[in-house]
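Working notes, beginning with the structure itself.
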Amino acid sequence: MRICHLAFSLFLFLVLSVSSKAQNSSVSLNGGITYSNSPIYTLRDNSQILTTQSIYKPTIALAYNHWFRPNFFLRNELSFKTLGGNSLNRHLDENDYFVHSVSLSFLSLSLLPIIELELGRYIVSAGLGASAGILVTSKFANYQFVNLELQLAELEMRELNNLDFGLKGIFEVKRIIANDFRVSISLAYYKGLRDLSQSISEERIYMSNSTMKIGLEIPIGK
């Protein structure tokens, strides 16, 4: 958690120091839902995966936007997101079923060049850039069915690389309201390019996720 606090403090320092000199800048706060299906499965022996299930988790992001041209700006975004997935498994030796649940929380920093088009009071924008994240917490748990209810049976131990990075694309629609404030709805997709697995086997773990967010953008310079 100390790393998270340090990264967040550094981000705020950059925002405050740059915004004091910015000619046309804004900050935005967004919240929404992240959809993901982790390619991480149980380590239990003699088990068979029957089905997998994606999960939806809340996410929040703080961004600093700086315009270089009327229709082009650079977004620096700090976000917190939880990724994972569930899988239904059959234990072959005991002929019973269990659910393996994966939960990975990342603190991510993205750098996104974005082009936008203004259509009256509406603005449409799209961009593609880089994103890197630090793995903050992780949990790998198995749940057994007991009297038709899921109960925690055991936690699995797994080591992953702490740093993830990849490409992030975004499409956004904004509505201009009073005092040039903007309400936004955005869709983003992230594709990890680094293998998070520390296993010596042929297992490969690349994280990806889709996110939908709504938020408010506030101008801080003219």
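Chain identifiers are assigned as A, B, and so on, following the order in which chains appear in the structure tokens; residues are numbered from 1 within each chain, and ligands are numbered from 1 in order of appearance.
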
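Every protein, DNA or RNA residue with an atom at most 9 Å from Arg75 of chain A, where only C-alpha atoms count and chain neighbours fewer than 3 positions away do not, is listed here: Ala63, Tyr64, Asn65, His66, Trp67, Ser110, Leu111, Leu112, Pro113 and Ile114 of chain A.
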
List as a PDB file with all heavy atoms, in the first residue's frame the protein and nucleic acid residues near Pro39 of chain A, meaning an atom at most 10 Å away when only C-alpha atoms are counted, but skip any in the same chain fewer than 4 places from it.
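Wrote out-v4.pdb, looks like this:
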```pdb
ATOM      1  N   THR A  52     -16.629 -21.004 -17.393  1.00  0.00           N
ATOM      2  CA  THR A  52     -16.009 -19.811 -16.815  1.00  0.00           C
ATOM      3  C   THR A  52     -17.018 -18.671 -16.828  1.00  0.00           C
ATOM      4  O   THR A  52     -17.937 -18.645 -17.646  1.00  0.00           O
ATOM      5  CB  THR A  52     -14.755 -19.392 -17.600  1.00  0.00           C
ATOM      6  OG1 THR A  52     -15.123 -19.067 -18.942  1.00  0.00           O
ATOM      7  CG2 THR A  52     -13.720 -20.501 -17.611  1.00  0.00           C
ATOM      8  N   GLY A  84     -10.718 -10.047 -12.617  1.00  0.00           N
ATOM      9  CA  GLY A  84     -10.787 -11.417 -12.147  1.00  0.00           C
ATOM     10  C   GLY A  84     -11.758 -12.249 -12.953  1.00  0.00           C
ATOM     11  O   GLY A  84     -12.099 -11.924 -14.097  1.00  0.00           O
ATOM     12  N   GLY A  85     -12.227 -13.310 -12.336  1.00  0.00           N
ATOM     13  CA  GLY A  85     -13.148 -14.212 -12.995  1.00  0.00           C
ATOM     14  C   GLY A  85     -13.436 -15.412 -12.116  1.00  0.00           C
ATOM     15  O   GLY A  85     -12.733 -15.664 -11.123  1.00  0.00           O
ATOM     16  N   ASN A  86     -14.461 -16.144 -12.470  1.00  0.00           N
ATOM     17  CA  ASN A  86     -14.832 -17.360 -11.731  1.00  0.00           C
ATOM     18  C   ASN A  86     -14.874 -18.541 -12.697  1.00  0.00           C
ATOM     19  O   ASN A  86     -15.194 -18.376 -13.875  1.00  0.00           O
ATOM     20  CB  ASN A  86     -16.201 -17.198 -11.070  1.00  0.00           C
ATOM     21  CG  ASN A  86     -16.228 -16.053 -10.085  1.00  0.00           C
ATOM     22  OD1 ASN A  86     -15.297 -15.872  -9.297  1.00  0.00           O
ATOM     23  ND2 ASN A  86     -17.293 -15.266 -10.116  1.00  0.00           N
ATOM     24  N   SER A  87     -14.580 -19.716 -12.180  1.00  0.00           N
ATOM     25  CA  SER A  87     -14.690 -20.927 -12.999  1.00  0.00           C
ATOM     26  C   SER A  87     -15.313 -22.038 -12.168  1.00  0.00           C
ATOM     27  O   SER A  87     -14.997 -22.208 -10.986  1.00  0.00           O
ATOM     28  CB  SER A  87     -13.315 -21.367 -13.520  1.00  0.00           C
ATOM     29  OG  SER A  87     -12.426 -21.660 -12.454  1.00  0.00           O
ATOM     30  N   VAL A 102     -11.032 -15.651  -8.764  1.00  0.00           N
ATOM     31  CA  VAL A 102      -9.805 -14.849  -8.881  1.00  0.00           C
ATOM     32  C   VAL A 102     -10.157 -13.378  -8.746  1.00  0.00           C
ATOM     33  O   VAL A 102     -11.093 -12.888  -9.380  1.00  0.00           O
ATOM     34  CB  VAL A 102      -9.114 -15.093 -10.238  1.00  0.00           C
ATOM     35  CG1 VAL A 102      -7.896 -14.192 -10.388  1.00  0.00           C
ATOM     36  CG2 VAL A 102      -8.723 -16.556 -10.374  1.00  0.00           C
ATOM     37  N   GLU A 203       2.441 -21.876 -19.255  1.00  0.00           N
ATOM     38  CA  GLU A 203       1.297 -21.035 -18.910  1.00  0.00           C
ATOM     39  C   GLU A 203       1.597 -19.572 -19.211  1.00  0.00           C
ATOM     40  O   GLU A 203       2.679 -19.062 -18.917  1.00  0.00           O
ATOM     41  CB  GLU A 203       0.959 -21.188 -17.424  1.00  0.00           C
ATOM     42  CG  GLU A 203      -0.216 -20.319 -16.980  1.00  0.00           C
ATOM     43  CD  GLU A 203      -0.407 -20.366 -15.474  1.00  0.00           C
ATOM     44  OE1 GLU A 203       0.598 -20.526 -14.755  1.00  0.00           O
ATOM     45  OE2 GLU A 203      -1.553 -20.230 -15.036  1.00  0.00           O
ATOM     46  N   ARG A 204       0.640 -18.884 -19.825  1.00  0.00           N
ATOM     47  CA  ARG A 204       0.772 -17.465 -20.111  1.00  0.00           C
ATOM     48  C   ARG A 204      -0.445 -16.741 -19.552  1.00  0.00           C
ATOM     49  O   ARG A 204      -1.575 -17.210 -19.716  1.00  0.00           O
ATOM     50  CB  ARG A 204       0.874 -17.197 -21.622  1.00  0.00           C
ATOM     51  CG  ARG A 204       2.129 -17.790 -22.264  1.00  0.00           C
ATOM     52  CD  ARG A 204       3.374 -17.017 -21.824  1.00  0.00           C
ATOM     53  NE  ARG A 204       4.578 -17.519 -22.483  1.00  0.00           N
ATOM     54  CZ  ARG A 204       5.377 -18.443 -21.994  1.00  0.00           C
ATOM     55  NH1 ARG A 204       5.085 -19.021 -20.834  1.00  0.00           N
ATOM     56  NH2 ARG A 204       6.456 -18.824 -22.643  1.00  0.00           N
ATOM     57  N   ILE A 205      -0.219 -15.607 -18.885  1.00  0.00           N
ATOM     58  CA  ILE A 205      -1.305 -14.832 -18.280  1.00  0.00           C
ATOM     59  C   ILE A 205      -1.219 -13.396 -18.779  1.00  0.00           C
ATOM     60  O   ILE A 205      -0.318 -12.644 -18.390  1.00  0.00           O
ATOM     61  CB  ILE A 205      -1.237 -14.858 -16.741  1.00  0.00           C
ATOM     62  CG1 ILE A 205      -1.348 -16.290 -16.227  1.00  0.00           C
ATOM     63  CG2 ILE A 205      -2.329 -13.984 -16.144  1.00  0.00           C
ATOM     64  CD1 ILE A 205      -1.147 -16.416 -14.735  1.00  0.00           C
ATOM     65  N   TYR A 206      -2.135 -13.025 -19.657  1.00  0.00           N
ATOM     66  CA  TYR A 206      -2.231 -11.660 -20.164  1.00  0.00           C
ATOM     67  C   TYR A 206      -3.596 -11.106 -19.764  1.00  0.00           C
ATOM     68  O   TYR A 206      -4.626 -11.657 -20.143  1.00  0.00           O
ATOM     69  CB  TYR A 206      -2.073 -11.621 -21.680  1.00  0.00           C
ATOM     70  CG  TYR A 206      -0.719 -12.070 -22.168  1.00  0.00           C
ATOM     71  CD1 TYR A 206      -0.506 -13.380 -22.600  1.00  0.00           C
ATOM     72  CD2 TYR A 206       0.358 -11.182 -22.197  1.00  0.00           C
ATOM     73  CE1 TYR A 206       0.734 -13.798 -23.052  1.00  0.00           C
ATOM     74  CE2 TYR A 206       1.600 -11.592 -22.645  1.00  0.00           C
ATOM     75  CZ  TYR A 206       1.789 -12.895 -23.069  1.00  0.00           C
ATOM     76  OH  TYR A 206       3.013 -13.304 -23.506  1.00  0.00           O
ATOM     77  N   MET A 207      -3.602 -10.026 -19.016  1.00  0.00           N
ATOM     78  CA  MET A 207      -4.858  -9.464 -18.534  1.00  0.00           C
ATOM     79  C   MET A 207      -5.475  -8.544 -19.585  1.00  0.00           C
ATOM     80  O   MET A 207      -4.765  -7.846 -20.319  1.00  0.00           O
ATOM     81  CB  MET A 207      -4.640  -8.676 -17.246  1.00  0.00           C
ATOM     82  CG  MET A 207      -4.051  -9.493 -16.112  1.00  0.00           C
ATOM     83  SD  MET A 207      -5.016 -10.967 -15.692  1.00  0.00           S
ATOM     84  CE  MET A 207      -6.574 -10.221 -15.225  1.00  0.00           C
ATOM     85  N   SER A 208      -6.806  -8.542 -19.640  1.00  0.00           N
ATOM     86  CA  SER A 208      -7.543  -7.611 -20.496  1.00  0.00           C
ATOM     87  C   SER A 208      -8.859  -7.285 -19.809  1.00  0.00           C
ATOM     88  O   SER A 208      -9.336  -8.055 -18.964  1.00  0.00           O
ATOM     89  CB  SER A 208      -7.793  -8.205 -21.885  1.00  0.00           C
ATOM     90  OG  SER A 208      -8.589  -9.363 -21.793  1.00  0.00           O
TER      91      SER A 208
END
```

Subject >> Close residues, Gln48 of chain A itself excluded, 10 Å, only C-alpha atoms, min 6 positions apart in chain, as a ChimeraX atom specification >> reply: /A:42,87-92,97

Limited to N, CA, C and O atoms, could you put the picked residues into a file as a compact mmCIF listing (two decimals), in the first residue's frame?
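So the final result, stored in part_29.txt, reads:
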```
# COMPACT_ATOMS: atom_id res chain seq x y z
N THR A 42 -7.64 -22.83 -11.37
CA THR A 42 -7.23 -23.52 -10.15
C THR A 42 -5.95 -24.33 -10.33
O THR A 42 -5.67 -24.84 -11.43
N SER A 87 -14.58 -19.72 -12.18
CA SER A 87 -14.69 -20.93 -13.00
C SER A 87 -15.31 -22.04 -12.17
O SER A 87 -15.00 -22.21 -10.99
N LEU A 88 -16.23 -22.77 -12.80
CA LEU A 88 -16.84 -23.94 -12.16
C LEU A 88 -16.02 -25.17 -12.54
O LEU A 88 -15.76 -25.40 -13.73
N ASN A 89 -15.60 -25.92 -11.53
CA ASN A 89 -14.71 -27.05 -11.74
C ASN A 89 -15.29 -28.33 -11.13
O ASN A 89 -16.05 -28.28 -10.17
N ARG A 90 -14.88 -29.45 -11.71
CA ARG A 90 -15.26 -30.75 -11.17
C ARG A 90 -14.01 -31.46 -10.67
O ARG A 90 -13.02 -31.55 -11.39
N HIS A 91 -14.05 -31.90 -9.42
CA HIS A 91 -12.94 -32.64 -8.84
C HIS A 91 -13.11 -34.11 -9.23
O HIS A 91 -14.05 -34.78 -8.78
N LEU A 92 -12.21 -34.62 -10.05
CA LEU A 92 -12.38 -35.95 -10.64
C LEU A 92 -12.28 -37.06 -9.61
O LEU A 92 -13.01 -38.06 -9.69
N TYR A 97 -18.02 -30.72 -7.05
CA TYR A 97 -17.84 -29.49 -7.80
C TYR A 97 -17.37 -28.36 -6.87
O TYR A 97 -17.73 -28.35 -5.67
```

Find the spatial neighbours of segment 161-171 of chain A, counting only C-alpha atoms, within a cut-off of 10 Å - ignore same-chain residues fewer than 4 positions away - and output them as a tab-separated table (two decimals) with C-alpha atoms, in the first residue's frame.
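Output file selection.tsv is given in full below:
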```
chain	number	residue	atom	x	y	z
A	106	PHE	CA	-4.48	-2.80	-9.85
A	107	LEU	CA	-3.45	0.84	-9.47
A	108	SER	CA	-2.88	1.98	-13.05
A	109	LEU	CA	-1.44	5.04	-14.78
A	110	SER	CA	-2.40	5.70	-18.43
A	111	LEU	CA	-1.08	8.16	-21.01
A	112	LEU	CA	-3.65	8.70	-23.79
A	113	PRO	CA	-3.38	11.05	-26.80
A	114	ILE	CA	-7.00	11.88	-27.68
A	115	ILE	CA	-8.65	13.53	-30.70
A	116	GLU	CA	-12.08	15.09	-30.27
A	124	VAL	CA	-17.08	12.93	-29.42
A	125	SER	CA	-13.52	11.80	-28.74
A	126	ALA	CA	-11.32	8.75	-29.23
A	127	GLY	CA	-7.76	7.84	-28.34
A	128	LEU	CA	-5.18	5.09	-28.02
A	129	GLY	CA	-2.24	5.01	-25.64
A	130	ALA	CA	-0.20	3.12	-23.07
A	131	SER	CA	-1.14	1.97	-19.59
A	132	ALA	CA	0.85	0.41	-16.76
A	133	GLY	CA	-0.43	-0.99	-13.48
A	134	ILE	CA	0.88	-2.19	-10.14
A	135	LEU	CA	-0.75	-5.25	-8.59
A	136	VAL	CA	-1.97	-4.09	-5.17
A	137	THR	CA	-3.86	-7.12	-3.86
A	185	ILE	CA	-19.77	8.67	-20.83
A	186	SER	CA	-16.81	6.57	-21.93
A	187	LEU	CA	-16.00	3.06	-23.10
A	188	ALA	CA	-12.45	1.76	-22.81
A	189	TYR	CA	-10.65	-1.47	-23.63
A	190	TYR	CA	-7.30	-2.55	-22.19
A	191	LYS	CA	-5.10	-5.32	-23.57
A	192	GLY	CA	-2.13	-6.42	-21.49
A	193	LEU	CA	1.13	-7.11	-23.29
A	194	ARG	CA	3.15	-8.56	-20.41
A	195	ASP	CA	2.95	-12.15	-19.22
A	196	LEU	CA	2.16	-12.00	-15.49
A	197	SER	CA	2.96	-15.64	-14.86
A	198	GLN	CA	6.07	-16.56	-12.89
A	205	ILE	CA	-1.31	-14.83	-18.28
A	206	TYR	CA	-2.23	-11.66	-20.16
A	207	MET	CA	-4.86	-9.46	-18.53
A	208	SER	CA	-7.54	-7.61	-20.50
A	209	ASN	CA	-10.71	-5.77	-19.55
A	210	SER	CA	-13.48	-3.47	-20.77
A	211	THR	CA	-14.69	-0.48	-18.77
A	212	MET	CA	-17.71	1.81	-18.92
```

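The shortest atom-to-atom distance to Arg44 of chain A, with only C-alpha atoms taken into account, belongs to A:Leu155 out of A:Ile123, A:Val173, A:Ala61, A:Leu155.
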
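Note that the spacing between atom CA of Thr51 of chain A and atom CA of Ser36 of chain A amounts to 15.0 Å.
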
Original post:
Which of segment 12-222 of chain A counts as strand (DSSP E) under DSSP, as a PyMOL selection string please?
Top reply: chain A and resi 25-36+47-53+55-69+72-91+96-119+122-146+149-155+163-176+182-192+208-219

Original post:
Hey, what does DSSP flag as helix (DSSP H, G or I) within segment 8-174 of chain A? Can you give it to me as number ranges by chain?
Top reply: A: 8-19

Using all heavy atoms, can you write the selected residues to a file as a CSV table (one decimal), in the first residue's frame?
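Produced file part_1.csv, reproduced below:
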```csv
chain,number,residue,atom,x,y,z
A,8,PHE,N,0.1,7.8,-5.9
A,8,PHE,CA,-1.0,8.8,-5.9
A,8,PHE,C,-0.5,10.2,-5.5
A,8,PHE,O,-0.9,11.2,-6.2
A,8,PHE,CB,-2.1,8.3,-4.9
A,8,PHE,CG,-3.3,9.2,-4.9
A,8,PHE,CD1,-4.2,9.1,-5.9
A,8,PHE,CD2,-3.5,10.1,-3.8
A,8,PHE,CE1,-5.3,9.9,-6.0
A,8,PHE,CE2,-4.7,10.9,-3.9
A,8,PHE,CZ,-5.6,10.8,-4.9
A,9,SER,N,0.4,10.3,-4.6
A,9,SER,CA,1.0,11.6,-4.2
A,9,SER,C,1.8,12.2,-5.4
A,9,SER,O,1.7,13.5,-5.6
A,9,SER,CB,1.9,11.5,-3.0
A,9,SER,OG,1.2,11.0,-1.9
A,10,LEU,N,2.5,11.4,-6.1
A,10,LEU,CA,3.3,11.9,-7.2
A,10,LEU,C,2.3,12.4,-8.3
A,10,LEU,O,2.6,13.5,-8.9
A,10,LEU,CB,4.2,10.8,-7.8
A,10,LEU,CG,5.0,11.1,-9.0
A,10,LEU,CD1,5.9,12.3,-8.7
A,10,LEU,CD2,5.8,9.9,-9.5
A,11,PHE,N,1.3,11.7,-8.6
A,11,PHE,CA,0.3,12.1,-9.6
A,11,PHE,C,-0.3,13.4,-9.2
A,11,PHE,O,-0.5,14.3,-10.1
A,11,PHE,CB,-0.8,11.0,-9.7
A,11,PHE,CG,-1.9,11.3,-10.7
A,11,PHE,CD1,-1.7,11.1,-12.1
A,11,PHE,CD2,-3.1,11.9,-10.3
A,11,PHE,CE1,-2.6,11.4,-13.0
A,11,PHE,CE2,-4.1,12.2,-11.2
A,11,PHE,CZ,-3.8,12.0,-12.6
A,12,LEU,N,-0.8,13.6,-8.0
A,12,LEU,CA,-1.4,14.8,-7.6
A,12,LEU,C,-0.4,16.0,-7.7
A,12,LEU,O,-0.8,17.1,-8.0
A,12,LEU,CB,-1.9,14.7,-6.1
A,12,LEU,CG,-3.1,13.9,-5.9
A,12,LEU,CD1,-3.5,13.9,-4.4
A,12,LEU,CD2,-4.3,14.4,-6.7
A,13,PHE,N,0.9,15.7,-7.3
A,13,PHE,CA,1.9,16.8,-7.5
A,13,PHE,C,2.1,17.2,-8.9
A,13,PHE,O,2.1,18.4,-9.2
A,13,PHE,CB,3.2,16.3,-6.9
A,13,PHE,CG,4.4,17.2,-7.2
A,13,PHE,CD1,4.6,18.4,-6.4
A,13,PHE,CD2,5.3,17.0,-8.2
A,13,PHE,CE1,5.6,19.2,-6.7
A,13,PHE,CE2,6.3,17.8,-8.5
A,13,PHE,CZ,6.5,19.0,-7.7
A,14,LEU,N,2.1,16.3,-9.8
A,14,LEU,CA,2.2,16.6,-11.2
A,14,LEU,C,1.0,17.4,-11.7
A,14,LEU,O,1.1,18.4,-12.5
A,14,LEU,CB,2.4,15.4,-12.1
A,14,LEU,CG,3.7,14.6,-11.9
A,14,LEU,CD1,3.6,13.3,-12.7
A,14,LEU,CD2,4.8,15.5,-12.4
A,15,VAL,N,-0.2,17.0,-11.3
A,15,VAL,CA,-1.4,17.7,-11.7
A,15,VAL,C,-1.4,19.2,-11.2
A,15,VAL,O,-1.6,20.1,-12.0
A,15,VAL,CB,-2.7,17.0,-11.1
A,15,VAL,CG1,-3.9,17.9,-11.3
A,15,VAL,CG2,-2.9,15.7,-11.9
A,16,LEU,N,-1.0,19.4,-9.9
A,16,LEU,CA,-1.1,20.7,-9.4
A,16,LEU,C,0.0,21.6,-10.0
A,16,LEU,O,-0.2,22.8,-10.2
A,16,LEU,CB,-0.9,20.6,-7.8
A,16,LEU,CG,-2.1,20.0,-7.1
A,16,LEU,CD1,-1.8,19.8,-5.6
A,16,LEU,CD2,-3.4,20.8,-7.3
A,17,SER,N,1.2,21.0,-10.2
A,17,SER,CA,2.3,21.8,-10.7
A,17,SER,C,2.1,22.2,-12.2
A,17,SER,O,2.4,23.3,-12.6
A,17,SER,CB,3.6,21.1,-10.5
A,17,SER,OG,3.6,19.9,-11.3
A,18,VAL,N,1.5,21.3,-13.0
A,18,VAL,CA,1.3,21.6,-14.4
A,18,VAL,C,0.1,22.5,-14.6
A,18,VAL,O,0.1,23.4,-15.4
A,18,VAL,CB,1.1,20.3,-15.2
A,18,VAL,CG1,0.8,20.6,-16.6
A,18,VAL,CG2,2.4,19.5,-15.1
A,19,SER,N,-0.9,22.3,-13.8
A,19,SER,CA,-2.2,23.1,-14.0
A,19,SER,C,-1.9,24.5,-13.7
A,19,SER,O,-2.6,25.4,-14.2
A,19,SER,CB,-3.3,22.5,-13.1
A,19,SER,OG,-2.9,22.7,-11.7
```

**OP:** Please measure the separation of atom CA of Gln144 of chain A and atom CA of Lys57 of chain A, giving the value in Å to one decimal.
**Re:** 22.6 Å

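What separates atom CA of Lys139 of chain A from atom CA of Met157 of chain A is a distance of 8.4 Å.
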
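Residues in contact with Phe145 of chain A at 9 Å, where only C-alpha atoms are counted and same-chain residues fewer than 3 positions away are skipped, are listed as Asp96, Tyr97, Phe98, Val99, Leu148, Glu149, Leu150 and Gln151 of chain A.
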
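Those residues that approach Asp180 of chain A to within 12 Å, counting only C-alpha atoms, are Asn24, Ser25, Ser26, Arg121, Tyr122, Ile123, Lys174, Arg175, Ile176, Ile177, Ala178, Arg182, Val183, Leu216, Glu217, Ile218, Pro219, Ile220, Gly221 and Lys222 of chain A; same-chain residues fewer than 2 positions away are not listed.
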